[in-house]
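> Below is final34.csv; it holds CSV, N, CA and C atoms.
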```csv
chain,number,residue,atom,x,y,z
A,1346,MET,N,-11.4,-1.2,-9.5
A,1346,MET,CA,-11.5,0.2,-9.3
A,1346,MET,C,-11.6,0.4,-7.8
A,1347,ARG,N,-10.8,1.4,-7.3
A,1347,ARG,CA,-10.8,1.7,-5.8
A,1347,ARG,C,-12.1,2.4,-5.5
A,1348,PRO,N,-12.6,2.1,-4.3
A,1348,PRO,CA,-13.8,2.9,-3.8
A,1348,PRO,C,-13.3,4.4,-3.6
A,1349,VAL,N,-14.2,5.3,-3.6
A,1349,VAL,CA,-13.9,6.7,-3.5
A,1349,VAL,C,-13.8,7.0,-2.0
A,1350,ILE,N,-12.8,7.7,-1.6
A,1350,ILE,CA,-12.6,8.2,-0.2
A,1350,ILE,C,-12.9,9.7,-0.2
A,1351,ARG,N,-13.8,10.1,0.5
A,1351,ARG,CA,-14.2,11.5,0.6
A,1351,ARG,C,-13.7,12.1,1.9
A,1352,ILE,N,-13.1,13.3,1.7
A,1352,ILE,CA,-12.6,14.1,2.9
A,1352,ILE,C,-13.5,15.3,3.0
A,1353,LYS,N,-14.2,15.4,4.1
A,1353,LYS,CA,-15.1,16.4,4.4
A,1353,LYS,C,-14.5,17.6,5.2
A,1354,ASP,N,-15.2,18.7,5.2
A,1354,ASP,CA,-14.8,19.8,6.1
A,1354,ASP,C,-14.9,19.3,7.5
A,1355,THR,N,-13.8,19.5,8.3
A,1355,THR,CA,-13.8,19.1,9.6
A,1355,THR,C,-12.9,19.9,10.5
A,1356,ILE,N,-13.1,19.9,11.8
A,1356,ILE,CA,-12.2,20.6,12.6
A,1356,ILE,C,-11.1,19.6,13.1
A,1357,ASP,N,-11.2,18.4,12.7
A,1357,ASP,CA,-10.2,17.4,13.0
A,1357,ASP,C,-8.9,17.7,12.2
A,1358,ARG,N,-7.8,17.3,12.8
A,1358,ARG,CA,-6.5,17.5,12.1
A,1358,ARG,C,-6.2,16.3,11.2
A,1359,LEU,N,-5.8,16.6,10.0
A,1359,LEU,CA,-5.4,15.6,9.1
A,1359,LEU,C,-3.9,15.3,9.3
A,1360,VAL,N,-3.5,14.1,9.5
A,1360,VAL,CA,-2.1,13.8,9.7
A,1360,VAL,C,-1.4,13.6,8.3
A,1361,SER,N,-0.1,13.6,8.4
A,1361,SER,CA,0.6,13.5,7.1
A,1361,SER,C,0.3,12.2,6.4
A,1362,HIS,N,-0.1,11.2,7.1
A,1362,HIS,CA,-0.4,9.9,6.5
A,1362,HIS,C,-1.7,10.0,5.5
A,1363,SER,N,-2.4,11.1,5.7
A,1363,SER,CA,-3.6,11.2,4.8
A,1363,SER,C,-3.2,11.4,3.4
A,1364,GLY,N,-2.0,11.8,3.1
A,1364,GLY,CA,-1.5,11.9,1.7
A,1364,GLY,C,-1.4,10.6,1.0
A,1365,ILE,N,-1.5,9.5,1.7
A,1365,ILE,CA,-1.5,8.2,1.1
A,1365,ILE,C,-2.7,8.0,0.2
A,1366,VAL,N,-3.8,8.7,0.4
A,1366,VAL,CA,-4.9,8.7,-0.5
A,1366,VAL,C,-4.5,9.2,-1.9
A,1367,HIS,N,-3.7,10.3,-1.9
A,1367,HIS,CA,-3.2,10.8,-3.2
A,1367,HIS,C,-2.3,9.9,-3.9
A,1368,ILE,N,-1.4,9.2,-3.1
A,1368,ILE,CA,-0.5,8.3,-3.7
A,1368,ILE,C,-1.2,7.1,-4.3
A,1369,GLY,N,-2.3,6.6,-3.6
A,1369,GLY,CA,-3.1,5.6,-4.2
A,1369,GLY,C,-3.8,6.0,-5.5
A,1370,THR,N,-4.2,7.2,-5.5
A,1370,THR,CA,-4.9,7.7,-6.8
A,1370,THR,C,-3.9,7.7,-7.9
A,1371,LEU,N,-2.7,8.2,-7.6
A,1371,LEU,CA,-1.6,8.3,-8.7
A,1371,LEU,C,-1.2,6.9,-9.1
A,1372,LEU,N,-1.1,6.0,-8.2
A,1372,LEU,CA,-0.7,4.6,-8.6
A,1372,LEU,C,-1.8,3.9,-9.4
A,1373,GLN,N,-3.1,4.2,-9.1
A,1373,GLN,CA,-4.2,3.7,-9.8
A,1373,GLN,C,-4.1,4.1,-11.3
A,1374,LYS,N,-3.6,5.3,-11.5
A,1374,LYS,CA,-3.6,5.9,-12.9
A,1374,LYS,C,-2.5,5.2,-13.8
A,1375,THR,N,-1.6,4.5,-13.1
A,1375,THR,CA,-0.6,3.8,-13.9
A,1375,THR,C,-1.1,2.4,-14.2
A,1376,ASP,N,-0.4,1.7,-15.0
A,1376,ASP,CA,-0.7,0.3,-15.3
A,1376,ASP,C,0.3,-0.6,-14.5
A,1377,LEU,N,0.9,-0.1,-13.5
A,1377,LEU,CA,1.9,-0.8,-12.7
A,1377,LEU,C,1.4,-2.0,-12.0
A,1378,LYS,N,0.2,-1.9,-11.5
A,1378,LYS,CA,-0.4,-3.1,-10.7
A,1378,LYS,C,-0.5,-4.3,-11.6
A,1379,SER,N,-1.1,-4.2,-12.7
A,1379,SER,CA,-1.3,-5.4,-13.6
A,1379,SER,C,0.0,-5.9,-14.1
A,1380,ARG,N,0.9,-4.9,-14.4
A,1380,ARG,CA,2.2,-5.3,-14.9
A,1380,ARG,C,3.0,-6.1,-13.9
A,1381,LEU,N,3.0,-5.6,-12.6
A,1381,LEU,CA,3.7,-6.3,-11.6
A,1381,LEU,C,3.1,-7.7,-11.3
A,1382,ASP,N,1.8,-7.8,-11.2
A,1382,ASP,CA,1.1,-9.0,-10.9
A,1382,ASP,C,1.3,-10.1,-12.0
A,1383,ASN,N,1.5,-9.6,-13.2
A,1383,ASN,CA,1.7,-10.6,-14.3
A,1383,ASN,C,3.1,-10.8,-14.8
A,1384,PHE,N,4.0,-10.3,-14.0
A,1384,PHE,CA,5.4,-10.3,-14.4
A,1384,PHE,C,5.9,-11.8,-14.2
A,1385,ASP,N,6.4,-12.4,-15.3
A,1385,ASP,CA,6.9,-13.8,-15.3
A,1385,ASP,C,8.1,-14.0,-14.4
A,1386,GLY,N,9.0,-13.0,-14.3
A,1386,GLY,CA,10.2,-13.2,-13.6
A,1386,GLY,C,10.1,-13.3,-12.0
A,1387,LEU,N,8.9,-13.0,-11.5
A,1387,LEU,CA,8.7,-12.9,-10.0
A,1387,LEU,C,7.8,-14.1,-9.6
A,1388,ARG,N,8.4,-15.0,-8.9
A,1388,ARG,CA,7.6,-16.1,-8.3
A,1388,ARG,C,8.0,-16.4,-6.9
A,1389,PHE,N,7.1,-16.5,-6.0
A,1389,PHE,CA,7.4,-16.8,-4.6
A,1389,PHE,C,6.5,-18.0,-4.2
A,1390,GLU,N,7.0,-18.9,-3.4
A,1390,GLU,CA,6.2,-20.0,-2.9
A,1390,GLU,C,5.3,-19.4,-1.9
A,1391,GLN,N,4.1,-19.9,-1.8
A,1391,GLN,CA,3.1,-19.6,-0.7
A,1391,GLN,C,2.9,-18.1,-0.7
A,1392,ARG,N,2.7,-17.5,-1.8
A,1392,ARG,CA,2.6,-16.0,-1.8
A,1392,ARG,C,1.2,-15.6,-1.3
A,1393,GLN,N,1.2,-14.9,-0.2
A,1393,GLN,CA,-0.1,-14.4,0.4
A,1393,GLN,C,-0.5,-13.1,-0.2
A,1394,PHE,N,0.4,-12.3,-0.5
A,1394,PHE,CA,0.1,-10.9,-1.1
A,1394,PHE,C,0.7,-10.8,-2.5
A,1395,SER,N,0.0,-10.0,-3.3
A,1395,SER,CA,0.5,-9.8,-4.6
A,1395,SER,C,1.8,-8.9,-4.6
A,1396,HIS,N,2.5,-9.0,-5.7
A,1396,HIS,CA,3.7,-8.2,-5.8
A,1396,HIS,C,3.3,-6.7,-5.8
A,1397,SER,N,2.2,-6.3,-6.3
A,1397,SER,CA,1.8,-4.9,-6.3
A,1397,SER,C,1.4,-4.5,-4.9
A,1398,ASP,N,0.8,-5.4,-4.1
A,1398,ASP,CA,0.5,-5.0,-2.7
A,1398,ASP,C,1.8,-4.6,-1.9
A,1399,VAL,N,2.8,-5.4,-2.1
A,1399,VAL,CA,4.1,-5.2,-1.4
A,1399,VAL,C,4.7,-3.9,-1.9
A,1400,LEU,N,4.8,-3.8,-3.2
A,1400,LEU,CA,5.5,-2.6,-3.8
A,1400,LEU,C,4.7,-1.3,-3.5
A,1401,PHE,N,3.4,-1.3,-3.7
A,1401,PHE,CA,2.6,-0.2,-3.4
A,1401,PHE,C,2.7,0.2,-1.9
A,1402,SER,N,2.7,-0.7,-1.1
A,1402,SER,CA,2.9,-0.4,0.4
A,1402,SER,C,4.2,0.3,0.6
A,1403,MET,N,5.3,-0.2,0.0
A,1403,MET,CA,6.6,0.4,0.1
A,1403,MET,C,6.6,1.8,-0.5
A,1404,ILE,N,6.0,2.0,-1.6
A,1404,ILE,CA,5.9,3.3,-2.2
A,1404,ILE,C,5.2,4.3,-1.3
A,1405,ALA,N,4.1,3.9,-0.7
A,1405,ALA,CA,3.4,4.7,0.2
A,1405,ALA,C,4.3,5.1,1.5
A,1406,LEU,N,5.0,4.1,2.0
A,1406,LEU,CA,5.9,4.4,3.1
A,1406,LEU,C,7.0,5.4,2.7
A,1407,LEU,N,7.5,5.2,1.6
A,1407,LEU,CA,8.6,6.1,1.1
A,1407,LEU,C,8.0,7.5,1.0
A,1408,SER,N,6.8,7.6,0.5
A,1408,SER,CA,6.2,9.0,0.3
A,1408,SER,C,5.9,9.7,1.6
A,1409,ILE,N,5.9,9.0,2.7
A,1409,ILE,CA,5.7,9.7,4.0
A,1409,ILE,C,6.9,9.6,4.8
A,1410,ALA,N,8.1,9.5,4.1
A,1410,ALA,CA,9.4,9.5,4.7
A,1410,ALA,C,9.6,8.4,5.7
A,1411,LYS,N,9.1,7.2,5.4
A,1411,LYS,CA,9.4,6.0,6.2
A,1411,LYS,C,10.1,5.0,5.3
A,1412,PRO,N,11.5,5.1,5.2
A,1412,PRO,CA,12.2,4.3,4.3
A,1412,PRO,C,12.4,2.8,4.6
A,1413,ASP,N,12.0,2.4,5.8
A,1413,ASP,CA,12.1,1.0,6.3
A,1413,ASP,C,10.8,0.3,6.3
A,1414,TYR,N,10.7,-0.9,5.7
A,1414,TYR,CA,9.4,-1.6,5.6
A,1414,TYR,C,8.9,-1.9,7.0
A,1415,ASP,N,9.7,-1.9,8.1
A,1415,ASP,CA,9.2,-2.2,9.4
A,1415,ASP,C,8.1,-1.1,9.8
A,1416,ALA,N,8.2,0.0,9.2
A,1416,ALA,CA,7.2,1.1,9.5
A,1416,ALA,C,5.8,0.7,9.1
A,1417,ILE,N,5.6,-0.4,8.3
A,1417,ILE,CA,4.3,-0.8,7.9
A,1417,ILE,C,3.5,-1.2,9.1
A,1418,GLU,N,4.2,-1.6,10.2
A,1418,GLU,CA,3.5,-2.1,11.4
A,1418,GLU,C,2.7,-1.0,12.1
A,1419,LEU,N,3.0,0.3,11.8
A,1419,LEU,CA,2.2,1.4,12.3
A,1419,LEU,C,0.8,1.4,11.7
A,1420,PHE,N,0.7,0.9,10.5
A,1420,PHE,CA,-0.6,0.9,9.7
A,1420,PHE,C,-1.4,-0.4,9.9
A,1421,ARG,N,-0.8,-1.4,10.4
A,1421,ARG,CA,-1.5,-2.7,10.4
A,1421,ARG,C,-2.8,-2.6,11.4
A,1422,PRO,N,-2.8,-1.9,12.5
A,1422,PRO,CA,-4.0,-1.8,13.3
A,1422,PRO,C,-5.1,-1.0,12.5
A,1423,LYS,N,-4.7,-0.2,11.5
A,1423,LYS,CA,-5.7,0.6,10.7
A,1423,LYS,C,-5.6,0.1,9.3
A,1424,ALA,N,-5.5,-1.2,9.1
A,1424,ALA,CA,-5.2,-1.7,7.8
A,1424,ALA,C,-6.3,-1.4,6.8
A,1425,ASP,N,-7.5,-1.2,7.2
A,1425,ASP,CA,-8.6,-0.9,6.3
A,1425,ASP,C,-8.4,0.4,5.5
A,1426,PHE,N,-7.9,1.5,6.2
A,1426,PHE,CA,-7.6,2.7,5.6
A,1426,PHE,C,-6.5,2.5,4.6
A,1427,PHE,N,-5.4,1.9,5.0
A,1427,PHE,CA,-4.2,1.6,4.1
A,1427,PHE,C,-4.6,0.8,2.9
A,1428,LYS,N,-5.4,-0.2,3.1
A,1428,LYS,CA,-5.8,-1.0,1.9
A,1428,LYS,C,-6.7,-0.2,1.0
A,1429,LEU,N,-7.7,0.5,1.5
A,1429,LEU,CA,-8.6,1.3,0.7
A,1429,LEU,C,-7.9,2.4,0.0
A,1430,ALA,N,-7.0,3.1,0.7
A,1430,ALA,CA,-6.3,4.2,0.0
A,1430,ALA,C,-5.4,3.8,-1.1
A,1431,LEU,N,-4.8,2.6,-1.0
A,1431,LEU,CA,-3.9,2.2,-2.0
A,1431,LEU,C,-4.5,1.1,-3.0
A,1432,GLY,N,-5.7,0.6,-2.7
A,1432,GLY,CA,-6.3,-0.4,-3.6
A,1432,GLY,C,-5.6,-1.7,-3.4
A,1433,LEU,N,-5.2,-2.1,-2.1
A,1433,LEU,CA,-4.5,-3.3,-1.9
A,1433,LEU,C,-5.5,-4.4,-1.5
A,1434,SER,N,-5.1,-5.7,-1.7
A,1434,SER,CA,-5.9,-6.8,-1.3
A,1434,SER,C,-5.7,-7.1,0.2
A,1435,GLY,N,-4.5,-6.7,0.7
A,1435,GLY,CA,-4.2,-6.9,2.1
A,1435,GLY,C,-3.0,-6.0,2.5
A,1436,CYS,N,-2.7,-5.9,3.8
A,1436,CYS,CA,-1.7,-5.1,4.3
A,1436,CYS,C,-0.5,-6.0,4.7
A,1437,PRO,N,0.5,-6.2,3.9
A,1437,PRO,CA,1.6,-7.2,4.2
A,1437,PRO,C,2.3,-6.7,5.5
A,1438,SER,N,2.7,-7.6,6.3
A,1438,SER,CA,3.5,-7.3,7.5
A,1438,SER,C,5.0,-7.3,7.1
A,1439,ALA,N,5.8,-6.7,7.9
A,1439,ALA,CA,7.2,-6.7,7.7
A,1439,ALA,C,7.8,-8.1,7.6
A,1440,VAL,N,7.3,-9.0,8.5
A,1440,VAL,CA,7.8,-10.3,8.5
A,1440,VAL,C,7.5,-11.1,7.2
A,1441,ASN,N,6.3,-10.8,6.6
A,1441,ASN,CA,5.9,-11.4,5.3
A,1441,ASN,C,6.8,-11.0,4.2
A,1442,VAL,N,7.1,-9.7,4.2
A,1442,VAL,CA,8.0,-9.2,3.2
A,1442,VAL,C,9.4,-9.7,3.3
A,1443,ILE,N,9.9,-9.8,4.5
A,1443,ILE,CA,11.3,-10.3,4.7
A,1443,ILE,C,11.4,-11.7,4.3
A,1444,ASN,N,10.3,-12.5,4.5
A,1444,ASN,CA,10.3,-13.9,4.2
A,1444,ASN,C,10.2,-14.2,2.7
A,1445,LEU,N,9.8,-13.1,1.9
A,1445,LEU,CA,9.7,-13.3,0.4
A,1445,LEU,C,11.1,-13.5,-0.2
A,1446,GLY,N,12.1,-12.9,0.4
A,1446,GLY,CA,13.5,-12.9,-0.2
A,1446,GLY,C,14.2,-14.2,-0.1
```
With the file now loaded, output its structure as structure tokens.


Amino acid sequence: MRPVIRIKDTIDRLVSHSGIVHIGTLLQKTDLKSRLDNFDGLRFEQRQFSHSDVLFSMIALLSIAKPDYDAIELFRPKADFFKLALGLSGCPSAVNVINLG
């Protein structure tokens, strides 16, 4: 279960990336994470990240109009928010994802 992220009243501006919290909540409501991680047809050598980590990251990027996985590098310095919002075990880099293929 993902930890709860609370958004308080503030004068600070919320950026469009804050919508990733909602994407994470919606993804959590599906059974997609366990189905992806237990899918027999997907096997990579030296897999550092789960299949769901990679796919959920890409879904989040697509939801904020970033159709290229290289955009993940914008979130790597703030990987804690990205991981927490999406329920990931880690924040895969673009290089890691490219090397999976």

> Would you please work out which residue, of A:Ser1438, A:Pro1412, A:Ala1405, A:Phe1384, is nearest to Gly1369 (chain A) when using only N, CA and C atoms?

A:Ala1405

> Residues within 7 Å of region 1392-1401 of chain A, please, as a PDB file with N, CA and C atoms, in the frame of the given file. Count all atoms listed in the file; anything in the same chain fewer than 3 positions from it doesn't count.


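Listed below is the output, around_23.pdb:
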```
ATOM      1  N   LEU A1377       0.900  -0.100 -13.500  1.00  0.00           N
ATOM      2  CA  LEU A1377       1.900  -0.800 -12.700  1.00  0.00           C
ATOM      3  C   LEU A1377       1.400  -2.000 -12.000  1.00  0.00           C
ATOM      4  N   LYS A1378       0.200  -1.900 -11.500  1.00  0.00           N
ATOM      5  CA  LYS A1378      -0.400  -3.100 -10.700  1.00  0.00           C
ATOM      6  C   LYS A1378      -0.500  -4.300 -11.600  1.00  0.00           C
ATOM      7  N   LEU A1381       3.000  -5.600 -12.600  1.00  0.00           N
ATOM      8  CA  LEU A1381       3.700  -6.300 -11.600  1.00  0.00           C
ATOM      9  C   LEU A1381       3.100  -7.700 -11.300  1.00  0.00           C
ATOM     10  N   ASP A1382       1.800  -7.800 -11.200  1.00  0.00           N
ATOM     11  CA  ASP A1382       1.100  -9.000 -10.900  1.00  0.00           C
ATOM     12  C   ASP A1382       1.300 -10.100 -12.000  1.00  0.00           C
ATOM     13  N   PHE A1389       7.100 -16.500  -6.000  1.00  0.00           N
ATOM     14  CA  PHE A1389       7.400 -16.800  -4.600  1.00  0.00           C
ATOM     15  C   PHE A1389       6.500 -18.000  -4.200  1.00  0.00           C
ATOM     16  N   ILE A1404       6.000   2.000  -1.600  1.00  0.00           N
ATOM     17  CA  ILE A1404       5.900   3.300  -2.200  1.00  0.00           C
ATOM     18  C   ILE A1404       5.200   4.300  -1.300  1.00  0.00           C
ATOM     19  N   ALA A1405       4.100   3.900  -0.700  1.00  0.00           N
ATOM     20  CA  ALA A1405       3.400   4.700   0.200  1.00  0.00           C
ATOM     21  C   ALA A1405       4.300   5.100   1.500  1.00  0.00           C
ATOM     22  N   LEU A1406       5.000   4.100   2.000  1.00  0.00           N
ATOM     23  CA  LEU A1406       5.900   4.400   3.100  1.00  0.00           C
ATOM     24  C   LEU A1406       7.000   5.400   2.700  1.00  0.00           C
ATOM     25  N   LEU A1431      -4.800   2.600  -1.000  1.00  0.00           N
ATOM     26  CA  LEU A1431      -3.900   2.200  -2.000  1.00  0.00           C
ATOM     27  C   LEU A1431      -4.500   1.100  -3.000  1.00  0.00           C
ATOM     28  N   GLY A1432      -5.700   0.600  -2.700  1.00  0.00           N
ATOM     29  CA  GLY A1432      -6.300  -0.400  -3.600  1.00  0.00           C
ATOM     30  C   GLY A1432      -5.600  -1.700  -3.400  1.00  0.00           C
ATOM     31  N   LEU A1433      -5.200  -2.100  -2.100  1.00  0.00           N
ATOM     32  CA  LEU A1433      -4.500  -3.300  -1.900  1.00  0.00           C
ATOM     33  C   LEU A1433      -5.500  -4.400  -1.500  1.00  0.00           C
ATOM     34  N   SER A1434      -5.100  -5.700  -1.700  1.00  0.00           N
ATOM     35  CA  SER A1434      -5.900  -6.800  -1.300  1.00  0.00           C
ATOM     36  C   SER A1434      -5.700  -7.100   0.200  1.00  0.00           C
ATOM     37  N   GLY A1435      -4.500  -6.700   0.700  1.00  0.00           N
ATOM     38  CA  GLY A1435      -4.200  -6.900   2.100  1.00  0.00           C
ATOM     39  C   GLY A1435      -3.000  -6.000   2.500  1.00  0.00           C
ATOM     40  N   PRO A1437       0.500  -6.200   3.900  1.00  0.00           N
ATOM     41  CA  PRO A1437       1.600  -7.200   4.200  1.00  0.00           C
ATOM     42  C   PRO A1437       2.300  -6.700   5.500  1.00  0.00           C
TER      43      PRO A1437
END
```

> Using all atoms listed in the file, which of A:Lys1411, A:Glu1418, A:Ala1430, A:Lys1423 sits nearest Ile1365 (chain A)?

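With all atoms listed in the file as the atom set, the closest residue is A:Ala1430.
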
> Would you mind telling me which residue in A:Val1366, A:Cys1436, A:Met1403, A:Lys1374 lies nearest to Phe1420 (chain A) when using only N, CA and C atoms?

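Of all the options, A:Cys1436 lies closest to Phe1420 (chain A).
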
> Nearest residue to His1362 (chain A) out of A:Asn1441, A:Ile1409, A:Tyr1414, A:Ala1424, using all atoms listed in the file?

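Among the listed residues, the smallest separation from His1362 (chain A) belongs to A:Ile1409.
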
> Determine the nearest neighbour of Ser1402 (chain A) from the options A:Ser1363, A:Arg1380, A:Thr1375, A:Phe1427, counting all atoms listed in the file.

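Of A:Ser1363, A:Arg1380, A:Thr1375, A:Phe1427, the one nearest Ser1402 (chain A), counting all atoms listed in the file, is A:Phe1427.
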
> CA of Ile1417 (chain A) and CA of Thr1370 (chain A) are how many Å apart?

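CA of Ile1417 (chain A) sits 19.3 Å away from CA of Thr1370 (chain A).
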
> One decimal, Å: what's the distance from CA of Gln1373 (chain A) over to CA of Ala1416 (chain A), could you say?

22.6 Å

> What is the CA of Asp1413 (chain A)-CA of Ala1439 (chain A) distance in Å, reported with one decimal?

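Interatomic distance, CA of Asp1413 (chain A) to CA of Ala1439 (chain A): 9.2 Å.
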